[in-house]
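A.B. asks: Handing over entry-v8.txt, compact mmCIF, C-alpha atoms.
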```txt
# COMPACT_ATOMS: atom_id res chain seq x y z
CA MET A 1 -35.92 -35.63 -22.39
CA SER A 2 -34.68 -39.00 -21.31
CA ASN A 3 -31.01 -39.56 -22.00
CA ILE A 4 -28.25 -38.59 -19.66
CA SER A 5 -26.45 -36.19 -22.00
CA ASP A 6 -29.61 -34.12 -22.35
CA HIS A 7 -29.94 -33.98 -18.55
CA LEU A 8 -26.34 -32.89 -18.29
CA LYS A 9 -26.87 -30.10 -20.80
CA VAL A 10 -29.93 -28.84 -18.96
CA ALA A 11 -28.08 -29.13 -15.66
CA ALA A 12 -25.15 -27.12 -17.01
CA VAL A 13 -27.42 -24.35 -18.30
CA PHE A 14 -29.37 -24.27 -15.05
CA ALA A 15 -26.20 -24.20 -12.93
CA GLU A 16 -24.92 -21.30 -15.00
CA SER A 17 -28.20 -19.45 -14.41
CA VAL A 18 -27.83 -20.02 -10.69
CA ARG A 19 -24.27 -18.67 -10.82
CA ARG A 20 -25.55 -15.56 -12.57
CA GLU A 21 -27.99 -15.05 -9.73
CA LEU A 22 -25.06 -15.18 -7.33
CA ARG A 23 -22.86 -12.76 -9.24
CA HIS A 24 -23.01 -10.16 -6.49
CA LEU A 25 -20.85 -12.49 -4.42
CA PRO A 26 -17.08 -12.81 -4.79
CA ALA A 27 -16.09 -15.29 -7.48
CA GLU A 28 -14.50 -17.57 -4.89
CA ALA A 29 -17.71 -17.73 -2.86
CA VAL A 30 -19.74 -18.54 -5.97
CA ALA A 31 -17.29 -21.28 -6.89
CA ASN A 32 -17.49 -22.79 -3.40
CA LEU A 33 -21.28 -22.67 -3.41
CA THR A 34 -21.77 -24.16 -6.85
CA ASP A 35 -18.91 -26.61 -7.17
CA GLY A 36 -20.35 -29.95 -8.22
CA LEU A 37 -23.79 -28.44 -8.72
CA GLU A 38 -24.13 -29.75 -12.30
CA SER A 39 -23.88 -33.39 -11.23
CA ASP A 40 -26.40 -32.90 -8.39
CA ILE A 41 -28.85 -31.17 -10.70
CA ALA A 42 -28.38 -33.84 -13.37
CA ALA A 43 -29.03 -36.56 -10.78
CA SER A 44 -32.23 -34.87 -9.68
CA LEU A 45 -33.33 -34.54 -13.32
CA ILE A 46 -32.75 -38.24 -13.82
CA ASP A 47 -35.03 -38.83 -10.83
CA GLY A 48 -37.66 -36.76 -12.59
CA VAL A 49 -37.47 -33.76 -10.27
CA GLU A 50 -38.58 -30.50 -11.86
CA LEU A 51 -36.17 -27.62 -11.59
CA ALA A 52 -37.19 -24.50 -9.73
CA ASN A 53 -36.63 -20.92 -10.78
CA PRO A 54 -32.84 -20.24 -10.78
CA ALA A 55 -33.36 -17.15 -8.61
CA ASP A 56 -35.32 -19.13 -5.99
CA TYR A 57 -32.80 -21.93 -6.22
CA ALA A 58 -29.94 -19.47 -5.62
CA ALA A 59 -31.86 -17.94 -2.69
CA ASP A 60 -32.30 -21.41 -1.12
CA LEU A 61 -28.62 -22.12 -1.68
CA LEU A 62 -27.66 -18.88 0.07
CA ARG A 63 -30.12 -19.46 2.91
CA GLY A 64 -28.79 -22.98 3.45
CA ALA A 65 -25.23 -21.68 3.44
CA GLY A 66 -26.16 -19.04 6.00
CA LEU A 67 -25.36 -16.17 3.63
CA SER A 68 -27.31 -12.98 3.17
CA ILE A 69 -29.78 -12.87 0.34
CA ASP A 70 -30.30 -9.11 0.53
CA LYS A 71 -28.92 -8.48 -2.93
CA GLN A 72 -30.74 -11.40 -4.40
CA SER A 73 -33.78 -10.50 -6.44
CA THR A 74 -36.20 -12.71 -8.30
CA THR A 75 -36.46 -10.00 -10.94
CA GLY A 76 -32.75 -9.64 -11.37
CA HIS A 77 -30.45 -6.71 -10.77
CA SER A 78 -31.15 -3.19 -11.87
CA ILE A 79 -28.45 -1.44 -13.89
CA ILE A 80 -27.71 0.91 -11.00
CA SER A 81 -27.28 -1.89 -8.50
CA GLU A 82 -25.12 -3.80 -10.95
CA ILE A 83 -22.86 -0.77 -11.46
CA SER A 84 -22.79 -0.25 -7.71
CA ASP A 85 -21.82 -3.88 -7.21
CA ARG A 86 -19.02 -3.60 -9.72
CA VAL A 87 -17.72 -0.35 -8.18
CA CYS A 88 -17.78 -1.98 -4.75
CA ALA A 89 -15.92 -5.00 -6.10
CA VAL A 90 -13.24 -2.82 -7.73
CA SER A 91 -13.00 -0.71 -4.59
CA ALA A 92 -12.59 -3.83 -2.46
CA LYS A 93 -9.87 -5.13 -4.76
CA ALA A 94 -8.10 -1.76 -4.71
CA LYS A 95 -8.28 -1.67 -0.94
CA THR A 96 -6.85 -5.16 -0.71
CA PHE A 97 -4.09 -4.14 -3.10
CA THR A 98 -3.16 -0.98 -1.21
CA THR A 99 -3.33 -2.79 2.10
CA GLY A 100 -0.84 -5.27 0.71
CA LEU A 101 1.45 -2.39 -0.25
CA ALA A 102 1.42 -0.84 3.23
CA PRO A 103 4.75 -2.37 4.37
CA ALA A 104 6.46 -1.10 1.21
CA TRP A 105 5.02 2.34 1.91
CA TRP A 106 6.29 2.26 5.50
CA LEU A 107 9.75 1.31 4.24
CA THR A 108 9.74 4.00 1.56
CA ARG A 109 8.76 6.83 3.87
CA ALA A 110 11.35 5.71 6.44
CA TRP A 111 14.00 5.86 3.72
CA VAL A 112 12.83 9.28 2.57
CA LEU A 113 12.83 10.65 6.12
CA THR A 114 16.31 9.26 6.75
CA GLN A 115 17.51 10.93 3.57
CA VAL A 116 16.00 14.24 4.60
CA LEU A 117 17.52 13.98 8.08
CA GLY A 118 20.86 13.12 6.52
CA TRP A 119 20.57 16.09 4.20
CA VAL A 120 19.74 18.43 7.06
CA LEU A 121 22.60 17.25 9.22
CA ASN A 122 25.16 16.58 6.55
CA ASP A 123 27.72 19.20 5.62
CA ARG A 124 29.89 16.96 3.50
CA ASP A 125 30.04 16.76 -0.23
CA ASP A 126 29.07 13.15 -0.50
CA THR A 127 27.03 10.89 -2.70
CA ARG A 128 23.28 11.00 -2.26
CA VAL A 129 22.69 7.53 -0.90
CA LEU A 130 21.56 6.30 2.46
CA VAL A 131 24.90 5.54 4.01
CA GLY A 132 26.80 8.15 2.04
CA GLN A 133 24.33 10.74 3.17
CA TRP A 134 25.58 10.18 6.66
CA GLY A 135 29.20 10.48 5.60
CA GLU A 136 31.77 8.46 7.41
CA GLU A 137 29.34 7.61 10.20
CA LYS A 138 27.81 4.82 8.14
CA ILE A 139 26.73 2.73 11.11
CA PHE A 140 25.10 5.78 12.64
CA GLY A 141 23.20 6.36 9.40
CA VAL A 142 21.97 2.77 9.31
CA ALA A 143 20.98 3.00 13.00
CA VAL A 144 18.97 6.14 12.29
CA PHE A 145 17.28 4.40 9.36
CA ILE A 146 16.33 1.40 11.53
CA ALA A 147 14.96 3.70 14.22
CA VAL A 148 12.94 5.69 11.68
CA LEU A 149 11.70 2.46 10.10
CA TYR A 150 10.52 1.21 13.49
CA LEU A 151 8.62 4.44 14.09
CA SER A 152 7.18 4.26 10.59
CA VAL A 153 5.84 0.75 11.17
CA VAL A 154 4.42 1.60 14.60
CA LEU A 155 2.77 4.69 13.18
CA GLY A 156 1.52 2.73 10.18
CA ARG A 157 -0.32 0.30 12.41
CA ARG A 158 -1.99 3.09 14.33
CA GLU A 159 -2.64 5.68 11.69
CA THR A 160 -5.67 4.02 10.14
CA LYS A 161 -7.76 5.59 12.88
CA LYS A 162 -6.41 9.09 12.28
CA SER A 163 -6.79 9.73 8.61
CA HIS A 164 -5.91 13.45 8.81
CA ILE A 165 -2.53 12.64 10.35
CA ARG A 166 -1.99 10.00 7.72
CA ASN A 167 -2.79 12.51 4.99
CA VAL A 168 -0.28 15.02 6.36
CA ILE A 169 2.42 12.36 6.61
CA THR A 170 1.69 11.06 3.14
CA LEU A 171 1.81 14.55 1.63
CA SER A 172 5.07 15.39 3.42
CA VAL A 173 6.75 12.20 2.31
CA VAL A 174 5.59 12.61 -1.28
CA ILE A 175 6.92 16.18 -1.41
CA ALA A 176 10.22 15.15 0.16
CA GLY A 177 10.42 12.22 -2.24
CA ILE A 178 9.91 14.55 -5.21
CA PHE A 179 12.70 16.80 -3.95
CA LEU A 180 14.96 13.81 -3.43
CA THR A 181 14.36 12.34 -6.82
CA THR A 182 14.81 15.67 -8.57
CA GLY A 183 18.11 16.23 -6.79
CA GLN A 184 17.08 19.24 -4.75
CA PHE A 185 18.61 17.74 -1.62
CA GLN A 186 22.15 17.66 -2.91
CA PRO A 187 24.71 16.55 -0.34
CA GLY A 188 26.52 19.51 1.02
CA SER A 189 23.86 21.84 -0.32
CA ASN A 190 22.47 22.18 3.15
CA ARG A 191 23.76 25.47 4.47
CA TRP A 192 21.57 25.79 7.49
CA PHE A 193 24.34 24.95 9.87
CA GLU A 194 27.40 26.25 8.16
CA TYR A 195 28.83 29.35 6.69
CA SER A 196 28.22 29.70 3.02
CA ALA A 197 30.15 31.70 0.50
CA SER A 198 27.12 31.59 -1.71
CA PRO A 199 26.19 35.14 -2.72
CA ALA A 200 22.57 34.35 -2.19
CA THR A 201 23.08 33.88 1.53
CA MET A 202 25.56 36.70 2.04
CA PRO A 203 24.62 40.26 2.90
CA CYS A 204 24.99 42.69 0.05
CA SER A 205 28.36 44.40 -0.08
CA LEU A 206 30.49 46.52 -2.38
CA VAL A 207 32.49 44.69 -4.99
CA PRO A 208 36.13 45.73 -4.91
CA ASN A 209 37.97 46.57 -8.08
CA LEU A 210 39.72 43.39 -9.15
CA ILE A 211 41.26 44.66 -12.37
CA GLY A 212 44.93 43.79 -12.54
CA LEU A 213 44.70 40.74 -10.30
CA SER A 214 45.62 37.37 -11.74
CA VAL A 215 43.06 34.61 -11.81
CA LYS A 216 45.18 32.62 -9.38
CA GLU A 217 45.14 35.45 -6.86
CA ILE A 218 41.40 35.82 -7.16
CA ASN A 219 40.89 32.10 -6.83
CA ASP A 220 43.05 32.04 -3.73
CA LEU A 221 40.94 34.82 -2.25
CA LEU A 222 37.75 32.93 -3.15
CA LYS A 223 39.03 29.76 -1.53
CA SER A 224 39.95 31.62 1.63
CA GLY A 225 36.50 33.15 1.76
CA ALA A 226 37.81 36.66 1.50
CA LEU A 227 35.77 37.28 -1.61
CA PRO A 228 32.18 36.37 -0.79
CA TYR A 229 30.99 36.49 -4.37
CA ALA A 230 30.29 34.19 -7.21
CA ILE A 231 32.79 34.94 -9.93
CA GLU A 232 32.36 34.37 -13.62
CA TYR A 233 35.32 34.66 -15.96
CA TYR A 234 34.97 35.58 -19.60
CA ASP A 235 37.53 35.82 -22.34
CA LYS A 236 38.03 39.46 -23.15
CA GLU A 237 38.27 38.84 -26.87
CA THR A 238 35.85 36.00 -27.56
CA MET A 239 33.44 36.64 -24.65
CA LEU A 240 33.42 32.93 -23.94
CA ASN A 241 32.62 31.83 -20.40
CA LEU A 242 35.87 30.45 -19.01
CA THR A 243 34.71 29.90 -15.42
CA GLU A 244 34.69 26.15 -15.49
CA THR A 245 37.81 25.92 -17.59
CA ILE A 246 39.71 28.16 -15.19
CA TRP A 247 38.69 26.17 -12.12
CA ASN A 248 39.98 23.01 -13.74
CA GLN A 249 43.13 24.69 -14.97
CA ASP A 250 46.65 24.20 -13.77
CA PRO A 251 47.42 26.87 -11.13
CA ILE A 252 50.56 27.88 -13.01
CA ASP A 253 48.52 28.66 -16.09
CA SER A 254 46.03 30.66 -14.08
CA ARG A 255 48.83 33.08 -13.20
CA LYS A 256 49.01 34.06 -16.83
CA LEU A 257 45.37 35.15 -16.87
CA VAL A 258 44.77 38.64 -15.59
CA VAL A 259 41.55 40.53 -15.08
CA VAL A 260 41.49 43.34 -17.58
CA LYS A 261 37.87 44.42 -17.28
CA GLN A 262 35.17 44.20 -14.62
CA GLU A 263 31.48 44.88 -15.03
CA ASN A 264 30.46 46.00 -11.60
CA PRO A 265 33.32 47.33 -9.47
CA GLY A 266 32.20 49.49 -6.58
CA GLN A 267 28.60 48.36 -6.90
CA MET A 268 26.49 46.43 -4.42
CA ALA A 269 26.59 42.71 -5.13
CA CYS A 270 24.02 40.33 -3.73
CA ALA A 271 22.95 37.31 -5.70
CA SER A 272 24.36 38.29 -9.07
CA PRO A 273 27.85 37.06 -9.93
CA VAL A 274 30.82 39.34 -10.44
CA ILE A 275 31.69 39.34 -14.14
CA LEU A 276 35.40 39.47 -14.90
CA TYR A 277 37.01 39.62 -18.32
CA VAL A 278 40.45 38.09 -18.47
CA ASP A 279 43.32 38.17 -20.87
CA GLU A 280 46.55 36.24 -21.09
CA VAL A 281 49.70 38.15 -20.20
CA ALA A 282 53.37 37.22 -20.21
CA VAL A 283 54.61 36.07 -16.82
CA ALA A 284 57.92 37.61 -15.93
CA THR A 285 58.58 35.77 -12.69
CA THR A 286 57.45 32.59 -11.07
CA THR A 287 56.78 34.11 -7.68
CA ILE A 288 54.49 37.11 -8.07
CA PRO A 289 53.09 37.09 -11.53
CA VAL A 290 51.00 40.21 -11.34
CA ARG A 291 51.57 43.21 -9.17
CA THR A 292 48.51 44.34 -7.35
CA SER A 293 47.84 48.04 -7.44
CA SER A 294 47.80 49.84 -4.14
CA THR A 295 44.11 50.75 -4.50
CA VAL A 296 43.09 47.18 -5.10
CA ALA A 297 45.32 46.00 -2.30
CA ARG A 298 43.67 48.36 0.14
CA GLN A 299 40.20 47.37 -0.98
CA LEU A 300 41.08 43.71 -0.74
CA SER A 301 42.65 44.15 2.62
CA THR A 302 39.52 45.86 3.97
CA THR A 303 37.18 43.33 2.40
CA THR A 304 39.28 40.38 3.52
CA SER A 305 39.43 41.40 7.14
CA SER A 306 35.72 42.14 7.35
CA VAL A 307 34.74 38.94 5.58
CA VAL A 308 37.14 36.80 7.57
CA GLY A 309 35.69 38.28 10.74
CA ARG A 310 32.16 37.36 9.66
CA VAL A 311 33.31 33.93 8.58
CA ASN A 312 34.92 33.24 11.92
CA THR A 313 31.83 34.36 13.83
CA THR A 314 29.49 32.34 11.67
CA THR A 315 31.71 29.27 11.70
CA SER A 316 31.98 29.17 15.48
CA SER A 317 28.21 29.50 15.96
CA VAL A 318 27.59 26.88 13.32
CA ALA A 319 30.11 24.56 14.93
CA LYS A 320 28.24 24.90 18.22
CA GLN A 321 24.94 24.04 16.55
CA VAL A 322 26.41 21.04 14.80
CA ASN A 323 28.01 19.81 18.02
CA LYS A 324 24.69 20.14 19.84
CA THR A 325 22.85 18.31 17.12
CA THR A 326 25.41 15.52 16.89
CA THR A 327 25.41 15.08 20.66
CA SER A 328 21.64 14.88 20.83
CA LEU A 329 21.50 12.40 17.94
CA SER A 330 24.25 10.28 19.50
CA ARG A 331 22.11 10.04 22.64
CA MET B 1 -57.80 -10.09 8.72
CA ASN B 2 -56.70 -13.59 9.62
CA VAL B 3 -53.51 -14.83 8.02
CA ILE B 4 -53.59 -18.60 7.62
CA PRO B 5 -50.05 -19.97 7.49
CA ASN B 6 -49.18 -22.20 4.56
CA ARG B 7 -48.47 -25.77 5.70
CA ALA B 8 -45.41 -26.00 3.49
CA VAL B 9 -44.07 -22.80 5.02
CA GLU B 10 -44.72 -24.16 8.53
CA ARG B 11 -42.82 -27.37 7.76
CA SER B 12 -40.06 -25.33 6.17
CA GLN B 13 -39.74 -23.28 9.36
CA LEU B 14 -39.64 -26.44 11.47
CA LEU B 15 -37.10 -28.04 9.17
CA LYS B 16 -34.85 -25.00 9.19
CA GLY B 17 -33.91 -25.62 12.81
CA VAL B 18 -33.08 -29.28 12.36
CA LEU B 19 -31.76 -29.54 8.82
CA ASP B 20 -28.14 -29.49 10.01
CA LEU B 21 -28.87 -32.36 12.35
CA ALA B 22 -30.69 -34.34 9.67
CA VAL B 23 -27.93 -33.86 7.08
CA LEU B 24 -25.23 -34.84 9.56
CA ALA B 25 -27.22 -37.89 10.63
CA VAL B 26 -27.47 -39.03 7.01
CA LEU B 27 -23.76 -38.53 6.44
CA ALA B 28 -22.88 -40.29 9.70
CA GLU B 29 -23.97 -43.54 8.06
CA GLN B 30 -22.11 -43.10 4.78
CA ASP B 31 -20.36 -40.48 2.63
CA ALA B 32 -22.63 -39.04 -0.02
CA TYR B 33 -22.85 -36.35 -2.71
CA GLY B 34 -25.37 -33.52 -2.60
CA TYR B 35 -28.34 -35.03 -4.36
CA ASP B 36 -27.70 -38.37 -2.64
CA VAL B 37 -28.25 -36.64 0.71
CA VAL B 38 -31.45 -35.07 -0.63
CA ARG B 39 -32.65 -38.46 -1.80
CA LYS B 40 -32.02 -40.07 1.61
CA LEU B 41 -33.77 -37.24 3.44
CA ARG B 42 -36.77 -37.64 1.15
CA SER B 43 -36.75 -41.39 1.63
CA HIS B 44 -37.16 -40.72 5.39
CA GLY B 45 -40.22 -38.58 4.73
CA LEU B 46 -38.81 -35.11 4.27
CA ASN B 47 -40.30 -34.85 0.83
CA ASP B 48 -40.53 -31.10 0.71
CA VAL B 49 -36.91 -30.40 1.57
CA ALA B 50 -35.44 -27.99 -0.99
CA GLU B 51 -32.43 -29.38 -2.82
CA ALA B 52 -30.60 -26.07 -2.86
CA SER B 53 -31.12 -25.66 0.91
CA VAL B 54 -29.42 -29.00 1.43
CA TYR B 55 -26.54 -28.05 -0.88
CA GLY B 56 -26.11 -24.76 0.93
CA THR B 57 -26.21 -26.56 4.27
CA LEU B 58 -23.53 -28.97 3.08
CA ARG B 59 -21.28 -26.06 2.04
CA ARG B 60 -21.80 -24.33 5.39
CA LEU B 61 -21.14 -27.48 7.44
CA PHE B 62 -18.03 -28.06 5.36
CA ALA B 63 -16.86 -24.47 5.99
CA THR B 64 -17.51 -24.97 9.72
CA GLY B 65 -15.30 -28.04 9.73
CA TYR B 66 -17.97 -30.62 10.49
CA LEU B 67 -17.69 -32.15 7.03
CA SER B 68 -14.85 -33.08 4.74
CA SER B 69 -15.16 -33.06 1.00
CA TYR B 70 -13.65 -34.85 -1.96
CA VAL B 71 -14.31 -35.03 -5.64
CA VAL B 72 -15.06 -38.24 -7.50
CA PRO B 73 -14.77 -38.12 -11.30
CA SER B 74 -17.81 -39.40 -13.13
CA GLU B 75 -17.70 -41.21 -16.46
CA GLU B 76 -21.15 -39.98 -17.33
CA GLY B 77 -20.57 -36.29 -16.78
CA PRO B 78 -19.22 -33.71 -14.39
CA HIS B 79 -17.44 -34.72 -11.19
CA ARG B 80 -19.38 -35.41 -8.04
CA LYS B 81 -18.56 -33.71 -4.81
CA TYR B 82 -18.82 -36.13 -1.91
CA TYR B 83 -19.11 -35.16 1.74
CA GLY B 84 -18.06 -37.13 4.79
CA MET B 85 -18.08 -36.54 8.55
CA THR B 86 -15.06 -35.23 10.41
CA ALA B 87 -14.28 -36.11 14.02
CA VAL B 88 -15.47 -32.67 15.08
CA GLY B 89 -18.65 -33.19 13.10
CA ARG B 90 -19.33 -36.49 14.85
CA GLU B 91 -18.88 -34.92 18.30
CA TRP B 92 -21.19 -32.09 17.32
CA LEU B 93 -23.76 -34.57 15.98
CA VAL B 94 -23.83 -36.49 19.29
CA GLU B 95 -24.31 -33.24 21.17
CA GLN B 96 -27.07 -32.12 18.81
CA GLN B 97 -28.84 -35.49 19.07
CA LYS B 98 -28.98 -35.13 22.86
CA GLN B 99 -30.30 -31.59 22.57
CA TRP B 100 -32.91 -32.71 20.06
CA VAL B 101 -34.13 -35.54 22.29
CA ASP B 102 -34.39 -33.18 25.27
CA PHE B 103 -36.19 -30.59 23.17
CA ARG B 104 -38.53 -33.15 21.65
CA ASN B 105 -39.38 -34.53 25.12
CA VAL B 106 -40.24 -31.07 26.35
CA ILE B 107 -42.44 -30.37 23.33
CA ASP B 108 -44.04 -33.85 23.58
CA ALA B 109 -44.85 -33.22 27.22
CA ILE B 110 -46.42 -29.89 26.41
CA ILE B 111 -48.44 -31.27 23.54
CA LYS B 112 -49.57 -34.29 25.59
CA THR B 113 -50.71 -32.05 28.45
CA LYS B 114 -52.69 -29.88 26.08
CA GLU B 115 -54.23 -32.92 24.39
CA GLU B 116 -55.23 -34.42 27.76
CA GLY B 117 -56.70 -31.15 28.94
CA ALA B 118 -58.40 -30.31 25.71
CA PRO B 119 -62.16 -30.86 25.72
CA GLY B 120 -63.40 -33.45 23.32
CA VAL B 121 -59.98 -34.92 22.66
```
Can you dump the structure from the file as structure tokens?
C.D. replies:
Amino acid sequence: MSNISDHLKVAAVFAESVRRELRHLPAEAVANLTDGLESDIAASLIDGVELANPADYAADLLRGAGLSIDKQSTTGHSIISEISDRVCAVSAKAKTFTTGLAPAWWLTRAWVLTQVLGWVLNDRDDTRVLVGQWGEEKIFGVAVFIAVLYLSVVLGRRETKKSHIRNVITLSVVIAGIFLTTGQFQPGSNRWFEYSASPATMPCSLVPNLIGLSVKEINDLLKSGALPYAIEYYDKETMLNLTETIWNQDPIDSRKLVVVKQENPGQMACASPVILYVDEVAVATTTIPVRTSSTVARQLSTTTSSVVGRVNTTTSSVAKQVNKTTTSLSR
Amino acid sequence: MNVIPNRAVERSQLLKGVLDLAVLAVLAEQDAYGYDVVRKLRSHGLNDVAEASVYGTLRRLFATGYLSSYVVPSEEGPHRKYYGMTAVGREWLVEQQKQWVDFRNVIDAIIKTKEEGAPGV
């Protein structure tokens, strides 16, 4: 073998063999170690130097570079060690990737926590966004987010030593995030600090007889909180659910609709709604469209006073809690 | 059982401690590519120096900052990677030369004493 091109071919093959012997190293390290190796090997071949075993050559290269030759073997890698090497390489890449994502994770969990705090403290029907979550106090909301973000970053830098704490935090944030994204934390749905007319949170009580009352009268009672029930209206004839239609209806029209049948008068009502069947009647006057019977009026009067009393008590205690919370947060 | 050390291994062990110094001394005269350094070392008598050890040493000295590197395209084949000394490398070489001279003097003195005291020498 005398011409240069033959030497170059041999050099290229040999260099590739050496690279294979170094495959347990990161690709960048192999590239740094073997860059320009072909030309050096070709030059030595031209000088008549005989090439050594690629494994020994790679071992010398590593020794000279001050790198460990522990994984280097003159007999090559076993399948198990090769798989192990590949798993380690993938694991290292994954770790590098996740480490790179850490700031995004800190930001995300700060946002989630701010949303949860906003949901807990918010009693307004508002849009479910960062600033909106905090209602009109937008600057306050942003300030809370910045504070939470700072804590998140500080914690993120420390938490690597305490993996169990990190796991708890991660799990909490993921669960909260799932609730947020599925709309469970609806603005205004938080009733921890305020009175709720929701039947689910009210004590069970007897449902008064509402037959004969107009829809407008019932709606007025619902709005005032005197009727602590969920009401569902159905058309007496067609049995269609009119609840949504009625709520969006003109108040004048709602005077024409009168309850003609009720499913559960005098029964205990807890979470289940009160089912009312309505029918349209002619309105004789514009002031009092439907005359309430004396029985119903008495029942309503009793219910209204007792409910209003509970509402007032609950509202004042809730107001105190909210004031306390707001004051402490403002500090 | 007596283990008689291989002479090549002995020289290799001796060379290991001074290969950095030798490579830097060669490059202090002129920039060179890997095999060129090997050739110069051999021309000075280090015939059994392993090529790959020199290449590895060059990469390590480059990573340490004692050497700079540049690529020269070759018409005959693949590019050649040349190495040259950096200012830091030159300072380190001067320091190492002093250390080597001191070390050599100490060893010379020890060997001379032994030779003088040895019977029949």
A.B. asks: From the list A:Leu25, A:Ala31, A:Leu213, A:Leu240, which residue is nearest chain B when using all atoms listed in the file?
C.D. replies: A:Ala31
A.B. asks: Taking only C-alpha atoms into account, what are the residues of chain B at most 8 Å from chain A, put as a PyMOL selection string?
C.D. replies: chain B and resi 33-35+50+52-60+76-81
A.B. asks: How big is the axis-aligned box around the listed atoms of region 16-31 of chain B once 5 Å is added on each side, and where is its centre? Give both in Å to one decimal, as lines of an AutoDock Vina configuration file.
C.D. replies:
```
center_x = -27.6
center_y = -34.3
center_z = 7.7
size_x = 24.5
size_y = 28.5
size_z = 20.2
```
A.B. asks: Would you mind listing what lies within 8 Å of Val37 (chain B) as an mmCIF file with C-alpha atoms, keeping the file's coordinate frame, with all atoms listed in the file counted and same-chain residues fewer than 4 positions away left out?
C.D. replies:
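The resulting file, around.cif, is reproduced below:
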```cif
data_model
loop_
_atom_site.group_PDB
_atom_site.id
_atom_site.type_symbol
_atom_site.label_atom_id
_atom_site.label_comp_id
_atom_site.auth_asym_id
_atom_site.auth_seq_id
_atom_site.Cartn_x
_atom_site.Cartn_y
_atom_site.Cartn_z
ATOM 1 C CA VAL B 23 -27.930 -33.860 7.080
ATOM 2 C CA VAL B 26 -27.470 -39.030 7.010
ATOM 3 C CA LEU B 27 -23.760 -38.530 6.440
ATOM 4 C CA ALA B 32 -22.630 -39.040 -0.020
ATOM 5 C CA TYR B 33 -22.850 -36.350 -2.710
ATOM 6 C CA LEU B 41 -33.770 -37.240 3.440
ATOM 7 C CA VAL B 54 -29.420 -29.000 1.430
#
```
A.B. asks: Rounded to one decimal, what separation in Å do you get between CA of Thr238 (chain A) and CA of Asp220 (chain A)?
C.D. replies: 25.2 Å
A.B. asks: Could you work out how far CA of Val281 (chain A) lies from CA of Lys256 (chain A), giving the answer in Å with one decimal?
C.D. replies: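 Atom-to-atom, CA of Lys256 (chain A) and CA of Val281 (chain A) are spaced 5.3 Å apart.
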